[in-house]
>>> print(open('final-v4.tsv').read())   # TSV, C-alpha atoms
chain	number	residue	atom	x	y	z
X	1	TRP	CA	0.01	1.05	-11.87
X	2	THR	CA	-3.36	2.33	-13.05
X	3	TRP	CA	-4.18	4.21	-16.21
X	4	ARG	CA	-5.31	7.80	-15.76
X	5	GLU	CA	-6.65	9.32	-18.94
X	6	ARG	CA	-7.35	12.81	-20.15
X	7	ALA	CA	-10.63	14.17	-18.79
X	8	ARG	CA	-13.62	14.13	-21.09
X	9	THR	CA	-17.07	15.68	-20.91
X	10	GLY	CA	-18.79	14.63	-17.70
X	11	PHE	CA	-15.58	13.24	-16.16
X	12	THR	CA	-12.81	14.59	-13.97
X	13	ASP	CA	-9.26	13.30	-14.28
X	14	LEU	CA	-9.75	11.22	-11.14
X	15	GLU	CA	-12.79	9.47	-12.58
X	16	THR	CA	-10.83	8.24	-15.60
X	17	CYS	CA	-8.50	6.03	-13.49
X	18	HIS	CA	-8.95	2.34	-14.32
X	19	ASP	CA	-7.37	-1.12	-14.04
X	20	LEU	CA	-4.48	-2.45	-11.98
X	21	ASN	CA	-1.60	-3.33	-14.28
X	22	TYR	CA	1.65	-5.24	-13.79
X	23	VAL	CA	4.83	-5.90	-15.73
X	24	TYR	CA	8.34	-6.86	-14.67
X	25	SER	CA	11.82	-6.60	-16.15
X	26	ASP	CA	14.90	-8.81	-15.73
X	27	ASP	CA	17.29	-6.44	-17.48
X	28	TYR	CA	16.87	-3.12	-15.68
X	29	GLY	CA	13.95	-1.90	-17.76
X	30	ARG	CA	15.08	-2.72	-21.28
X	31	THR	CA	12.44	-5.40	-21.84
X	32	PHE	CA	9.18	-6.10	-20.00
X	33	TYR	CA	7.11	-9.21	-19.31
X	34	ASN	CA	3.49	-9.51	-18.24
X	35	SER	CA	2.36	-11.55	-15.24
X	36	ALA	CA	2.19	-14.73	-17.37
X	37	GLY	CA	5.88	-14.36	-18.28
X	38	GLU	CA	5.26	-13.27	-21.86
X	39	LEU	CA	7.59	-10.70	-23.43
X	40	VAL	CA	5.30	-7.76	-24.22
X	41	ALA	CA	7.37	-4.57	-24.53
X	42	ASN	CA	10.80	-2.98	-24.79
X	43	THR	CA	12.23	0.51	-24.62
X	44	THR	CA	13.54	0.47	-28.21
X	45	ASP	CA	10.50	0.14	-30.45
X	46	ASN	CA	7.65	-1.46	-28.49
X	47	PRO	CA	6.49	0.71	-25.57
X	48	ILE	CA	3.80	-0.27	-23.08
X	49	THR	CA	0.34	1.01	-23.99
X	50	GLN	CA	-3.23	0.20	-22.99
X	51	LYS	CA	-3.25	-2.31	-25.85
X	52	THR	CA	-0.25	-4.25	-24.52
X	53	PRO	CA	-1.53	-7.82	-23.98
X	54	GLY	CA	-1.91	-9.32	-20.54
X	55	ILE	CA	-0.82	-6.36	-18.43
X	56	ALA	CA	-4.14	-5.76	-16.62
X	57	VAL	CA	-4.27	-8.06	-13.58
X	58	VAL	CA	-7.39	-6.52	-12.01
X	59	ASP	CA	-10.19	-5.01	-14.10
X	60	ILE	CA	-11.26	-1.73	-12.47
X	61	PRO	CA	-13.73	0.35	-14.51
X	62	ARG	CA	-13.65	4.13	-14.68
X	63	LYS	CA	-15.57	5.97	-11.96
X	64	SER	CA	-14.83	3.22	-9.42
X	65	GLY	CA	-13.36	5.54	-6.80
X	66	THR	CA	-9.75	4.61	-7.43
X	67	VAL	CA	-7.01	7.24	-7.68
X	68	ASN	CA	-3.77	5.95	-9.17
X	69	GLN	CA	-1.97	3.16	-7.31
X	70	GLU	CA	-1.44	3.73	-3.59
X	71	CYS	CA	1.44	1.64	-2.25
X	72	GLN	CA	3.29	-1.59	-2.87
X	73	ALA	CA	5.93	-3.81	-1.26
X	74	VAL	CA	7.75	-7.10	-1.80
X	75	ASP	CA	7.80	-9.81	0.87
X	76	SER	CA	10.71	-12.14	1.74
X	77	GLN	CA	9.75	-14.61	-1.02
X	78	GLY	CA	9.72	-11.95	-3.72
X	79	ARG	CA	5.92	-11.74	-3.96
X	80	ILE	CA	4.58	-8.35	-4.98
X	81	HIS	CA	1.81	-6.78	-2.86
X	82	VAL	CA	-0.30	-3.76	-3.81
X	83	VAL	CA	-2.89	-1.80	-1.83
X	84	ILE	CA	-5.43	0.22	-3.79
X	85	ARG	CA	-8.89	1.55	-3.04
X	86	HIS	CA	-12.00	1.18	-5.17
X	87	MET	CA	-15.70	0.50	-4.86
X	88	GLU	CA	-16.99	-2.94	-3.98
X	89	ASN	CA	-18.24	-4.84	-7.04
X	90	MET	CA	-17.00	-1.90	-9.10
X	91	ASP	CA	-20.41	-0.21	-9.21
X	92	GLN	CA	-20.91	3.52	-8.79
X	93	GLY	CA	-23.05	3.13	-5.68
X	94	GLY	CA	-20.87	0.59	-3.89
X	95	SER	CA	-18.85	1.01	-0.72
X	96	THR	CA	-15.19	1.96	-1.01
X	97	TYR	CA	-12.65	-0.53	0.35
X	98	ARG	CA	-8.90	-0.64	0.80
X	99	MET	CA	-8.05	-3.74	-1.24
X	100	HIS	CA	-4.91	-5.84	-0.93
X	101	TYR	CA	-3.77	-7.57	-4.13
X	102	TRP	CA	-0.81	-9.93	-4.25
X	103	ARG	CA	0.89	-12.22	-6.76
X	104	ASP	CA	1.94	-15.72	-5.69
X	105	ASN	CA	5.01	-17.60	-6.93
X	106	ASP	CA	2.95	-19.23	-9.70
X	107	GLY	CA	1.95	-15.85	-11.10
X	108	VAL	CA	-1.65	-16.00	-9.79
X	109	TRP	CA	-3.13	-12.80	-8.35
X	110	HIS	CA	-5.23	-12.84	-5.18
X	111	SER	CA	-7.39	-10.18	-3.50
X	112	ASN	CA	-8.29	-9.48	0.13
X	113	LYS	CA	-10.35	-6.72	1.68
X	114	ILE	CA	-8.56	-4.74	4.37
X	115	VAL	CA	-11.39	-2.47	5.53
X	116	LYS	CA	-14.27	-0.34	4.31
X	117	THR	CA	-13.21	3.28	4.42
X	118	ASN	CA	-13.80	6.75	3.03
X	119	VAL	CA	-10.21	7.86	3.74
X	120	TRP	CA	-8.71	9.12	0.48
X	121	ASN	CA	-5.03	9.73	1.19
X	122	ARG	CA	-2.36	7.09	0.65
X	123	GLY	CA	-1.03	4.72	3.27
X	124	LYS	CA	1.88	2.26	3.46
X	125	ILE	CA	2.18	-1.52	3.36
X	126	LEU	CA	5.24	-3.32	4.76
X	127	PHE	CA	6.32	-6.69	6.18
X	128	ASP	CA	8.16	-8.04	9.21
X	129	SER	CA	10.58	-11.00	9.25
X	130	THR	CA	7.71	-13.54	9.17
X	131	ASP	CA	5.93	-11.78	6.29
X	132	ARG	CA	3.19	-10.51	8.57
X	133	ALA	CA	1.79	-7.51	6.69
X	134	TYR	CA	1.05	-4.09	8.15
X	135	TYR	CA	-1.03	-1.40	6.48
X	136	ILE	CA	-0.76	2.09	7.95
X	137	PHE	CA	-3.40	4.67	7.15
X	138	ASP	CA	-2.50	8.33	6.86
X	139	THR	CA	-4.76	8.85	9.91
X	140	GLY	CA	-2.65	6.59	12.17
X	141	LEU	CA	-4.85	3.47	12.03
X	142	ILE	CA	-2.81	0.27	11.66
X	143	TYR	CA	-4.13	-3.03	10.27
X	144	THR	CA	-2.25	-6.33	10.10
X	145	ALA	CA	-2.58	-9.78	8.48
X	146	THR	CA	-0.56	-13.02	8.49
X	147	SER	CA	1.13	-14.86	5.63
X	148	GLU	CA	0.01	-18.22	7.10
X	149	ASN	CA	-3.55	-17.25	6.24
X	150	ASN	CA	-2.55	-15.74	2.89
X	151	TRP	CA	-3.35	-12.30	4.33
X	152	THR	CA	-7.09	-13.01	4.47
X	153	ASP	CA	-7.21	-12.13	8.18
X	154	TRP	CA	-6.78	-8.36	8.11
X	155	THR	CA	-7.42	-7.08	11.64
X	156	LEU	CA	-7.26	-3.67	13.29
X	157	MET	CA	-4.03	-3.73	15.30
X	158	THR	CA	-4.34	-0.36	17.00
X	159	ASP	CA	-6.15	2.95	16.75
X	160	GLN	CA	-4.44	4.58	19.72
X	161	ASP	CA	-2.66	7.12	17.53
X	162	GLN	CA	-5.59	7.79	15.22
X	163	GLY	CA	-5.60	11.51	14.51
X	164	ASN	CA	-1.93	11.97	15.41
X	165	VAL	CA	-0.86	11.44	11.79
X	166	ASN	CA	-1.84	13.87	9.06
X	167	ALA	CA	-0.12	12.78	5.83
X	168	GLU	CA	1.15	9.79	3.91
X	169	PRO	CA	3.42	8.17	6.52
X	170	LEU	CA	7.06	7.22	6.15
X	171	VAL	CA	8.14	3.96	7.78
X	172	ASP	CA	11.37	2.16	8.74
X	173	LYS	CA	11.14	-1.18	6.91
X	174	TYR	CA	14.54	-2.36	8.14
X	175	ALA	CA	13.69	-1.88	11.83
X	176	LEU	CA	10.48	-3.86	11.38
X	177	LYS	CA	12.24	-6.81	9.74
X	178	THR	CA	15.17	-6.93	12.18
X	179	ARG	CA	13.90	-5.63	15.54
X	180	ASP	CA	10.09	-6.01	15.51
X	181	ALA	CA	9.90	-2.25	15.92
X	182	LEU	CA	7.54	-0.18	13.80
X	183	TYR	CA	8.50	3.48	13.37
X	184	ILE	CA	6.11	5.93	11.70
X	185	PHE	CA	7.33	9.39	10.70
X	186	ALA	CA	4.66	11.96	9.81
X	187	PRO	CA	3.37	15.45	10.57
X	188	ASN	CA	1.11	15.87	13.58
X	189	SER	CA	-2.56	16.30	12.81
X	190	GLY	CA	-3.49	19.99	12.95
X	191	GLU	CA	0.12	21.10	13.41
X	192	VAL	CA	1.76	20.98	10.01
X	193	SER	CA	5.09	22.35	11.30
X	194	ARG	CA	5.44	19.63	13.97
X	195	LEU	CA	6.85	16.25	13.01
X	196	SER	CA	6.63	13.10	15.08
X	197	VAL	CA	8.19	9.66	15.16
X	198	ILE	CA	5.70	7.18	16.61
X	199	LYS	CA	7.27	3.92	17.76
X	200	TYR	CA	5.47	0.60	18.29
X	201	ASP	CA	7.21	-2.34	19.98
X	202	LEU	CA	5.54	-5.42	18.50
X	203	ASN	CA	5.82	-8.18	21.07
X	204	PHE	CA	3.71	-10.96	19.59
X	205	GLY	CA	5.57	-13.79	21.34
X	206	LYS	CA	4.29	-17.26	20.44
X	207	THR	CA	1.36	-15.79	18.52
X	208	LYS	CA	3.58	-13.96	16.06
X	209	ASN	CA	2.57	-16.19	13.15
X	210	GLU	CA	-1.05	-16.55	14.21
X	211	ILE	CA	-4.02	-14.25	14.65
X	212	PRO	CA	-3.33	-12.79	18.10
X	213	VAL	CA	-6.17	-12.67	20.58
X	214	GLN	CA	-4.67	-9.49	21.96
X	215	PHE	CA	-1.94	-7.33	20.49
X	216	ASN	CA	0.85	-6.33	22.85
X	217	VAL	CA	1.69	-2.91	21.47
X	218	SER	CA	3.30	0.07	23.12
X	219	SER	CA	3.59	3.52	21.59
X	220	GLU	CA	6.02	6.32	22.17
X	221	ASN	CA	5.69	9.73	20.55
X	222	LEU	CA	9.09	11.30	19.88
X	223	ASP	CA	8.22	14.87	18.96
X	224	CYS	CA	10.53	16.85	16.70
X	225	ASN	CA	9.00	20.25	17.37
X	226	ALA	CA	12.17	22.18	16.54
X	227	VAL	CA	11.34	21.93	12.84
X	228	ASN	CA	9.55	24.97	11.43
X	229	LEU	CA	8.60	24.40	7.81
X	230	SER	CA	8.56	27.93	6.46
X	231	ASP	CA	9.81	29.51	3.24
X	232	ASP	CA	13.02	30.72	4.85
X	233	ASN	CA	13.71	27.69	7.03
X	234	TYR	CA	14.56	24.59	5.04
X	235	MET	CA	14.89	21.05	6.40
X	236	THR	CA	17.84	19.01	5.12
>>> encode(input="final-v4.tsv", output="structure tokens")
Amino acid sequence: WTWRERARTGFTDLETCHDLNYVYSDDYGRTFYNSAGELVANTTDNPITQKTPGIAVVDIPRKSGTVNQECQAVDSQGRIHVVIRHMENMDQGGSTYRMHYWRDNDGVWHSNKIVKTNVWNRGKILFDSTDRAYYIFDTGLIYTATSENNWTDWTLMTDQDQGNVNAEPLVDKYALKTRDALYIFAPNSGEVSRLSVIKYDLNFGKTKNEIPVQFNVSSENLDCNAVNLSDDNYMT
């Protein structure tokens, strides 16, 4: 998570967001440990605060272009992955990147750039059965990276549905892990009452665990245009 503080003179609420923080619990949230495995908080008399030791795993200053935490997922080895956006080098005039942060099995955090972007809405990160990562923008752009290269090889997989998605997407994580099929559910761009399921068949073949020279991707738009999202017509 990130801290978002009360706005002060010269700041908006968004500009007060700072730091990427991490804790974990082995007892369903009764006690919490930092990334180094140190007991740092509990729900009885020691809550987590900004002064809790060792919880910040990435130092992100205020006014760095970050807005809360965007998305996270866990791969097959139990490693946590987070995607967040902020300015390069954390300066006010820097370019804004989607950044991928992940924690290895020794508790060390790593960072990789996905892409330079000015897109502000949230996306989704998820993994297939080989721990290949996919990051889906709310615009329909899809990037991918391989676990063999420690996800340093983020590459544009496809932009063929760019503009067909107009919100934070929903995805079918189970289908990706079991059938190499990527389903994206989101409103159509420009038509807020029309919902679509966009399907990608990911046929990587022998290059599945490598950086493919060419992605073999097909797309099928399954339109659900019977849904009319109005005050008197509810979707269940």
>>> axis_aligned_box(input="final-v4.tsv", around="stretch 29-45 of chain X", padding_each_side="3 Å", output="AutoDock Vina command-line options")
--center_x 8.6 --center_y -7.1 --center_z -22.8 --size_x 18.9 --size_y 21.2 --size_z 21.2
>>> residues_around(input="final-v4.tsv", residues="X:Ala186", least_positions_apart="2", cutoff="6 Å", atoms="only C-alpha atoms", output="list in words")
Val165, Pro169, Leu195 and Ser196 of chain X
>>> write_last_selection(input="final-v4.tsv", atoms="C-alpha atoms", output="compact mmCIF listing (two decimals), keeping the file's coordinate frame")
# COMPACT_ATOMS: atom_id res chain seq x y z
CA VAL X 165 -0.86 11.44 11.79
CA PRO X 169 3.42 8.17 6.52
CA LEU X 195 6.85 16.25 13.01
CA SER X 196 6.63 13.10 15.08
>>> atom_distance(input="final-v4.tsv", atom1="atom CA of X:Ile84", atom2="atom CA of X:Asp201")
27.0 Å
>>> atom_distance(input="final-v4.tsv", atom1="atom CA of X:Trp151", atom2="atom CA of X:Ile55")
23.7 Å
>>> residues_around(input="final-v4.tsv", residues="stretch 100-102 of chain X", least_positions_apart="6", cutoff="7 Å", atoms="only C-alpha atoms", output="list in words")
Arg79, Ile80, His81, Val82, Val83, Ile84, Trp109, His110, Ser111, Asn112, Lys113 and Ile114 of chain X
>>> closest_residue(input="final-v4.tsv", among="X:Asp13, X:Ala41, X:Gly107, X:Leu141", to="X:Ser25", atoms="only C-alpha atoms")
X:Ala41
>>> atom_distance(input="final-v4.tsv", atom1="atom CA of X:Leu202", atom2="atom CA of X:Lys116")
24.9 Å
>>> residues_around(input="final-v4.tsv", residues="X:His18", least_positions_apart="2", cutoff="10 Å", atoms="only C-alpha atoms", output="PyMOL selection string")
chain X and resi 1-5+14-16+20-21+56+58-69+86
>>> write_last_selection(input="final-v4.tsv", atoms="C-alpha atoms", output="CSV table (one decimal), in the coordinates of the input")
chain,number,residue,atom,x,y,z
X,1,TRP,CA,0.0,1.0,-11.9
X,2,THR,CA,-3.4,2.3,-13.0
X,3,TRP,CA,-4.2,4.2,-16.2
X,4,ARG,CA,-5.3,7.8,-15.8
X,5,GLU,CA,-6.6,9.3,-18.9
X,14,LEU,CA,-9.8,11.2,-11.1
X,15,GLU,CA,-12.8,9.5,-12.6
X,16,THR,CA,-10.8,8.2,-15.6
X,20,LEU,CA,-4.5,-2.4,-12.0
X,21,ASN,CA,-1.6,-3.3,-14.3
X,56,ALA,CA,-4.1,-5.8,-16.6
X,58,VAL,CA,-7.4,-6.5,-12.0
X,59,ASP,CA,-10.2,-5.0,-14.1
X,60,ILE,CA,-11.3,-1.7,-12.5
X,61,PRO,CA,-13.7,0.4,-14.5
X,62,ARG,CA,-13.6,4.1,-14.7
X,63,LYS,CA,-15.6,6.0,-12.0
X,64,SER,CA,-14.8,3.2,-9.4
X,65,GLY,CA,-13.4,5.5,-6.8
X,66,THR,CA,-9.8,4.6,-7.4
X,67,VAL,CA,-7.0,7.2,-7.7
X,68,ASN,CA,-3.8,6.0,-9.2
X,69,GLN,CA,-2.0,3.2,-7.3
X,86,HIS,CA,-12.0,1.2,-5.2
>>> residues_around(input="final-v4.tsv", residues="X:Ala167", least_positions_apart="2", cutoff="9 Å", atoms="all atoms listed in the file", output="VMD selection string")
chain X and resid 121 to 123 137 to 139 165 169 186 to 189
>>> residues_near_point(input="final-v4.tsv", point="(9.3, -12.2, 6.5)", cutoff="10 Å", atoms="all atoms listed in the file", output="PyMOL selection string")
chain X and resi 74-77+126-133+147+176-178
>>> write_last_selection(input="final-v4.tsv", atoms="C-alpha atoms", output="PDB file, in the frame of the given file")
ATOM      1  CA  VAL X  74       7.750  -7.100  -1.800  1.00  0.00           C
ATOM      2  CA  ASP X  75       7.800  -9.810   0.870  1.00  0.00           C
ATOM      3  CA  SER X  76      10.710 -12.140   1.740  1.00  0.00           C
ATOM      4  CA  GLN X  77       9.750 -14.610  -1.020  1.00  0.00           C
ATOM      5  CA  LEU X 126       5.240  -3.320   4.760  1.00  0.00           C
ATOM      6  CA  PHE X 127       6.320  -6.690   6.180  1.00  0.00           C
ATOM      7  CA  ASP X 128       8.160  -8.040   9.210  1.00  0.00           C
ATOM      8  CA  SER X 129      10.580 -11.000   9.250  1.00  0.00           C
ATOM      9  CA  THR X 130       7.710 -13.540   9.170  1.00  0.00           C
ATOM     10  CA  ASP X 131       5.930 -11.780   6.290  1.00  0.00           C
ATOM     11  CA  ARG X 132       3.190 -10.510   8.570  1.00  0.00           C
ATOM     12  CA  ALA X 133       1.790  -7.510   6.690  1.00  0.00           C
ATOM     13  CA  SER X 147       1.130 -14.860   5.630  1.00  0.00           C
ATOM     14  CA  LEU X 176      10.480  -3.860  11.380  1.00  0.00           C
ATOM     15  CA  LYS X 177      12.240  -6.810   9.740  1.00  0.00           C
ATOM     16  CA  THR X 178      15.170  -6.930  12.180  1.00  0.00           C
TER      17      THR X 178
END
>>> closest_residue(input="final-v4.tsv", among="X:Tyr24, X:Tyr143, X:Tyr33, X:Tyr183", to="X:Asp159", atoms="all atoms listed in the file")
X:Tyr143
>>> residues_around(input="final-v4.tsv", residues="X:Asp172", least_positions_apart="5", cutoff="9 Å", atoms="all atoms listed in the file", output="ChimeraX atom specification")
/X:181-185
>>> decode(input="final-v4.tsv", residues="stretch 96-113 of chain X", atoms="N, CA, C and O atoms", output="PDB file, in the first residue's frame")
ATOM      1  N   THR X  96       6.747   9.624 -16.246  1.00  0.00           N
ATOM      2  CA  THR X  96       5.970   8.695 -15.433  1.00  0.00           C
ATOM      3  C   THR X  96       6.025   7.303 -16.055  1.00  0.00           C
ATOM      4  O   THR X  96       5.782   7.141 -17.247  1.00  0.00           O
ATOM      5  N   TYR X  97       6.344   6.316 -15.233  1.00  0.00           N
ATOM      6  CA  TYR X  97       6.450   4.930 -15.686  1.00  0.00           C
ATOM      7  C   TYR X  97       5.497   4.044 -14.904  1.00  0.00           C
ATOM      8  O   TYR X  97       5.204   4.300 -13.732  1.00  0.00           O
ATOM      9  N   ARG X  98       5.021   2.965 -15.559  1.00  0.00           N
ATOM     10  CA  ARG X  98       4.439   1.854 -14.821  1.00  0.00           C
ATOM     11  C   ARG X  98       5.618   1.015 -14.340  1.00  0.00           C
ATOM     12  O   ARG X  98       6.426   0.532 -15.125  1.00  0.00           O
ATOM     13  N   MET X  99       5.724   0.842 -13.025  1.00  0.00           N
ATOM     14  CA  MET X  99       6.826   0.113 -12.418  1.00  0.00           C
ATOM     15  C   MET X  99       6.323  -1.205 -11.836  1.00  0.00           C
ATOM     16  O   MET X  99       5.265  -1.259 -11.201  1.00  0.00           O
ATOM     17  N   HIS X 100       7.104  -2.235 -12.025  1.00  0.00           N
ATOM     18  CA  HIS X 100       6.811  -3.563 -11.492  1.00  0.00           C
ATOM     19  C   HIS X 100       7.790  -3.842 -10.358  1.00  0.00           C
ATOM     20  O   HIS X 100       9.006  -3.865 -10.564  1.00  0.00           O
ATOM     21  N   TYR X 101       7.266  -4.031  -9.153  1.00  0.00           N
ATOM     22  CA  TYR X 101       8.078  -4.382  -7.995  1.00  0.00           C
ATOM     23  C   TYR X 101       7.705  -5.795  -7.544  1.00  0.00           C
ATOM     24  O   TYR X 101       6.524  -6.152  -7.531  1.00  0.00           O
ATOM     25  N   TRP X 102       8.723  -6.580  -7.197  1.00  0.00           N
ATOM     26  CA  TRP X 102       8.432  -7.931  -6.719  1.00  0.00           C
ATOM     27  C   TRP X 102       9.436  -8.347  -5.651  1.00  0.00           C
ATOM     28  O   TRP X 102      10.562  -7.873  -5.599  1.00  0.00           O
ATOM     29  N   ARG X 103       8.987  -9.251  -4.791  1.00  0.00           N
ATOM     30  CA  ARG X 103       9.762  -9.713  -3.642  1.00  0.00           C
ATOM     31  C   ARG X 103      10.174 -11.158  -3.882  1.00  0.00           C
ATOM     32  O   ARG X 103       9.313 -12.021  -4.093  1.00  0.00           O
ATOM     33  N   ASP X 104      11.492 -11.452  -3.827  1.00  0.00           N
ATOM     34  CA  ASP X 104      11.934 -12.820  -4.058  1.00  0.00           C
ATOM     35  C   ASP X 104      11.816 -13.641  -2.773  1.00  0.00           C
ATOM     36  O   ASP X 104      11.397 -13.139  -1.722  1.00  0.00           O
ATOM     37  N   ASN X 105      12.185 -14.921  -2.864  1.00  0.00           N
ATOM     38  CA  ASN X 105      12.000 -15.823  -1.729  1.00  0.00           C
ATOM     39  C   ASN X 105      12.958 -15.548  -0.583  1.00  0.00           C
ATOM     40  O   ASN X 105      12.803 -16.111   0.511  1.00  0.00           O
ATOM     41  N   ASP X 106      13.956 -14.690  -0.811  1.00  0.00           N
ATOM     42  CA  ASP X 106      14.859 -14.274   0.266  1.00  0.00           C
ATOM     43  C   ASP X 106      14.430 -12.952   0.893  1.00  0.00           C
ATOM     44  O   ASP X 106      15.151 -12.406   1.743  1.00  0.00           O
ATOM     45  N   GLY X 107      13.308 -12.418   0.462  1.00  0.00           N
ATOM     46  CA  GLY X 107      12.807 -11.172   1.025  1.00  0.00           C
ATOM     47  C   GLY X 107      13.380  -9.929   0.389  1.00  0.00           C
ATOM     48  O   GLY X 107      13.172  -8.823   0.896  1.00  0.00           O
ATOM     49  N   VAL X 108      14.102 -10.072  -0.736  1.00  0.00           N
ATOM     50  CA  VAL X 108      14.699  -8.921  -1.424  1.00  0.00           C
ATOM     51  C   VAL X 108      13.713  -8.404  -2.470  1.00  0.00           C
ATOM     52  O   VAL X 108      13.129  -9.179  -3.233  1.00  0.00           O
ATOM     53  N   TRP X 109      13.565  -7.082  -2.527  1.00  0.00           N
ATOM     54  CA  TRP X 109      12.661  -6.459  -3.486  1.00  0.00           C
ATOM     55  C   TRP X 109      13.417  -6.019  -4.735  1.00  0.00           C
ATOM     56  O   TRP X 109      14.544  -5.531  -4.657  1.00  0.00           O
ATOM     57  N   HIS X 110      12.795  -6.218  -5.895  1.00  0.00           N
ATOM     58  CA  HIS X 110      13.381  -5.874  -7.182  1.00  0.00           C
ATOM     59  C   HIS X 110      12.424  -4.955  -7.940  1.00  0.00           C
ATOM     60  O   HIS X 110      11.209  -4.975  -7.697  1.00  0.00           O
ATOM     61  N   SER X 111      12.966  -4.180  -8.880  1.00  0.00           N
ATOM     62  CA  SER X 111      12.120  -3.268  -9.663  1.00  0.00           C
ATOM     63  C   SER X 111      12.428  -3.386 -11.138  1.00  0.00           C
ATOM     64  O   SER X 111      13.592  -3.557 -11.532  1.00  0.00           O
ATOM     65  N   ASN X 112      11.396  -3.321 -11.960  1.00  0.00           N
ATOM     66  CA  ASN X 112      11.511  -3.344 -13.415  1.00  0.00           C
ATOM     67  C   ASN X 112      10.561  -2.311 -14.005  1.00  0.00           C
ATOM     68  O   ASN X 112       9.422  -2.176 -13.543  1.00  0.00           O
ATOM     69  N   LYS X 113      11.021  -1.611 -15.026  1.00  0.00           N
ATOM     70  CA  LYS X 113      10.129  -0.709 -15.749  1.00  0.00           C
ATOM     71  C   LYS X 113       9.287  -1.511 -16.737  1.00  0.00           C
ATOM     72  O   LYS X 113       9.806  -2.360 -17.457  1.00  0.00           O
TER      73      LYS X 113
END
